[in-house]
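So this block is model_24.txt, compact mmCIF, C-alpha atoms:
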# COMPACT_ATOMS: atom_id res chain seq x y z
CA MET P 26 -28.39 37.04 41.09
CA PHE P 27 -24.92 37.85 42.37
CA HIS P 28 -21.95 36.27 40.58
CA ARG P 29 -18.30 36.78 39.66
CA GLU P 30 -18.50 35.09 36.27
CA THR P 31 -16.58 37.14 33.68
CA ASP P 32 -17.73 35.20 30.61
CA ALA P 33 -20.70 37.25 29.41
CA GLN P 34 -21.81 34.50 27.01
CA LYS P 35 -21.93 31.95 29.82
CA VAL P 36 -24.03 34.32 31.94
CA ALA P 37 -26.39 35.03 29.03
CA ARG P 38 -26.67 31.31 28.22
CA ASN P 39 -27.66 30.37 31.81
CA ARG P 40 -29.50 33.47 33.05
CA ASP P 41 -32.93 32.63 31.61
CA ALA P 42 -32.82 29.04 32.86
CA LEU P 43 -31.88 30.18 36.37
CA PHE P 44 -34.46 32.96 36.56
CA ASP P 45 -37.11 30.64 35.14
CA CYS P 46 -36.35 27.86 37.62
CA MET P 47 -36.05 29.88 40.85
CA PRO P 48 -39.54 31.43 41.01
CA ARG P 49 -41.16 28.26 39.69
CA ARG P 50 -39.77 26.30 42.62
CA SER P 51 -40.85 28.83 45.25
CA SER P 52 -44.36 29.28 43.81
CA GLY P 53 -44.74 25.50 43.67
CA LEU P 54 -43.82 25.25 47.34
CA GLU P 55 -46.26 28.04 48.20
CA ARG P 56 -49.05 26.06 46.53
CA TYR P 57 -47.91 22.75 48.04
CA THR P 58 -47.63 24.02 51.63
CA ASP P 59 -50.30 26.74 51.41
CA ILE P 60 -47.73 29.02 53.10
CA PRO P 61 -46.52 32.15 51.27
CA TYR P 62 -42.79 32.59 50.81
CA PRO P 63 -41.75 33.36 54.39
CA PHE P 64 -38.88 35.82 53.83
CA GLY P 65 -39.00 39.28 52.27
CA LYS P 66 -36.32 38.78 49.62
CA PHE P 67 -35.01 35.85 47.62
CA ASP P 68 -31.42 36.39 46.51
CA PHE P 69 -29.13 33.79 45.06
CA LEU P 70 -25.37 33.96 44.90
CA LEU P 71 -23.13 31.93 42.63
CA VAL P 72 -19.92 31.36 44.55
CA PRO P 73 -16.75 30.13 42.78
CA ALA P 74 -15.24 27.01 44.35
CA PHE P 75 -18.06 26.75 46.90
CA GLN P 76 -17.64 23.47 48.76
CA PHE P 77 -21.33 22.47 48.54
CA GLY P 78 -23.78 22.32 45.65
CA GLY P 79 -25.86 24.87 47.53
CA MET P 80 -26.70 26.16 50.98
CA GLU P 81 -29.84 28.02 51.93
CA HIS P 82 -30.17 30.87 54.37
CA PRO P 83 -33.36 32.82 55.14
CA GLY P 84 -33.79 35.07 52.11
CA ALA P 85 -30.75 33.86 50.14
CA ILE P 86 -29.24 30.72 48.66
CA PHE P 87 -25.54 30.26 47.93
CA TYR P 88 -24.74 27.91 45.02
CA ASN P 89 -21.56 26.45 43.63
CA ALA P 90 -21.15 28.56 40.49
CA SER P 91 -19.94 25.66 38.33
CA GLY P 92 -23.14 23.73 39.03
CA MET P 93 -25.33 26.65 37.95
CA MET P 94 -23.33 28.17 35.07
CA LEU P 95 -23.38 25.23 32.69
CA GLU P 96 -21.37 24.94 29.51
CA GLU P 97 -23.10 25.06 26.14
CA SER P 98 -22.55 21.30 25.80
CA ALA P 99 -24.30 20.51 29.11
CA THR P 100 -26.14 17.20 29.11
CA GLN P 101 -29.73 16.78 30.12
CA ASN P 102 -28.52 15.08 33.32
CA GLN P 103 -26.45 18.17 34.19
CA GLN P 104 -29.49 20.38 33.60
CA LEU P 105 -31.58 18.04 35.73
CA GLU P 106 -28.98 18.13 38.51
CA ARG P 107 -29.03 21.94 38.43
CA ALA P 108 -32.84 21.99 38.66
CA SER P 109 -32.74 19.41 41.47
CA THR P 110 -30.20 21.45 43.44
CA ILE P 111 -32.32 24.58 43.07
CA SER P 112 -35.42 22.65 44.17
CA HIS P 113 -33.56 21.09 47.09
CA GLU P 114 -32.28 24.40 48.45
CA THR P 115 -35.56 26.22 47.81
CA ALA P 116 -37.43 23.51 49.73
CA HIS P 117 -35.16 24.24 52.69
CA MET P 118 -36.70 27.73 52.89
CA TRP P 119 -39.86 26.02 54.15
CA PHE P 120 -38.43 22.76 55.54
CA GLY P 121 -35.42 23.91 57.52
CA ASP P 122 -35.53 27.70 57.78
CA LEU P 123 -39.21 28.38 58.46
CA VAL P 124 -39.65 25.14 60.39
CA THR P 125 -36.45 24.04 62.13
CA MET P 126 -35.83 20.91 64.14
CA ARG P 127 -34.86 21.26 67.79
CA TRP P 128 -31.57 19.43 67.43
CA PHE P 129 -29.51 17.73 64.75
CA SER P 130 -30.66 14.27 65.79
CA ASP P 131 -33.88 15.23 63.98
CA VAL P 132 -32.16 16.40 60.78
CA TRP P 133 -33.95 13.61 58.91
CA MET P 134 -37.17 15.62 59.20
CA LYS P 135 -35.99 18.52 57.06
CA GLU P 136 -33.87 16.36 54.76
CA SER P 137 -36.64 13.88 53.96
CA SER P 138 -39.02 16.72 53.06
CA ARG P 139 -36.55 18.32 50.73
CA ILE P 140 -35.61 15.00 49.08
CA SER P 141 -39.11 14.45 47.76
CA TRP P 142 -39.63 17.99 46.47
CA PRO P 143 -36.83 18.01 43.82
CA ARG P 144 -38.03 14.69 42.46
CA ARG P 145 -41.59 15.97 42.34
CA SER P 146 -40.78 19.30 40.72
CA SER P 147 -37.74 18.64 38.50
CA THR P 148 -38.82 15.49 36.75
CA ARG P 149 -41.83 17.29 35.26
CA ARG P 150 -39.45 19.59 33.39
CA PHE P 151 -37.31 16.66 32.20
CA PRO P 152 -39.95 14.06 31.23
CA ARG P 153 -37.58 11.87 29.20
CA GLU P 154 -35.35 11.22 32.19
CA PRO P 155 -36.39 8.44 34.55
CA ARG P 156 -36.96 9.37 38.18
CA ALA P 157 -33.86 7.39 39.15
CA ALA P 158 -31.74 9.94 37.23
CA VAL P 159 -32.07 12.32 40.19
CA PRO P 160 -29.21 11.22 42.43
CA PRO P 161 -30.38 10.54 45.97
CA ARG P 162 -28.89 12.65 48.71
CA VAL P 163 -29.14 10.89 52.00
CA LEU P 164 -27.86 12.18 55.30
CA SER P 165 -27.58 9.82 58.21
CA ALA P 166 -28.22 10.98 61.71
CA ARG P 167 -27.75 9.16 64.96
CA VAL P 168 -30.95 9.04 66.90
Write out the structure in this file as C-alpha cells.
Amino acid sequence: MFHRETDAQKVARNRDALFDCMPRRSSGLERYTDIPYPFGKFDFLLVPAFQFGGMEHPGAIFYNASGMMLEESATQNQQLERASTISHETAHMWFGDLVTMRWFSDVWMKESSRISWPRRSSTRRFPREPRAAVPPRVLSARV
C-alpha cells in the first residue's frame, strides 16, 4: 500500500480492513474464473484528490484516498461502498486487463462482468444491507 496520509491513527484504523479485503477479492476471482492472478504483483495506491473512485492497471490499482481511508464514524454504507469499489477494480484485473475488448463500443462486456462481482462478493460481508444498497454503476456505450 502506497499512501500520503499523515494521520497515523487513520492509517492504523483502515489498514487491516484494506489488507483483509484486497486478497479476499482476488482469491475469490481466482476461484470464480479458475484463472490464477494474471500479474506478478498487486500494488494499491491511495491518491489524494483522485478524480475517480478507483482505476485499475495491470499489477496496480489507484484509489481515491478519501474513499479508502474512512473516518472512525464511517457508516456501514460507506464501508460497503469501499468494499464494492475494491471488488469492482479487482474484477477489472480479469475482466478488462487480462481480457480486453477490441474497441470501446464493446465496453459493456468488461463493465457488466465487473458490476456483478462487487454485488456477489461485498454483500456477503455486509449481510444486513440489502443488495440494492450497492449503488449501480452503469456506463453507456454507443453500439
Smallest atom-to-atom distance to Gly79 of chain P: which of P:Arg107, P:Thr100, P:Phe44, P:Trp119, using only C-alpha atoms?
-> P:Arg107
Find the spatial neighbours of segment 45-60 of chain P, counting all atoms listed in the file, within a cut-off of 7 Å - ignore same-chain residues fewer than 6 positions away - and output them as an MDAnalysis selection string.
-> chainID P and resid 108 111:112 115
Name all residues at most 8 Å from Leu70 of chain P (count only C-alpha atoms; drop same-chain ones fewer than 6 positions away) and give them as a list of chain:residue names.
-> P:Met26, P:Phe27, P:His28, P:Ala85, P:Ile86, P:Phe87, P:Tyr88
In Å, how far is it from atom CA of Tyr62 of chain P to atom CA of His113 of chain P?
-> 15.2 Å
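Relative to atom CA of Leu43 of chain P, atom CA of Glu96 of chain P is found at 13.6 Å.
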Tell me, as an MDAnalysis selection string, which residues lie within 12 Å of Gly65 of chain P, counting all atoms listed in the file; anything in the same chain fewer than 5 positions away does not count.
-> chainID P and resid 83:85 118
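We find atom CA of Leu71 of chain P and atom CA of Glu97 of chain P to be spaced 17.9 Å apart.
Of the residues listed (P:Pro63, P:Asn102, P:Lys35, P:Glu114), P:Lys35 shows the shortest atom-to-atom separation from Ala90 of chain P; distances use all atoms listed in the file.
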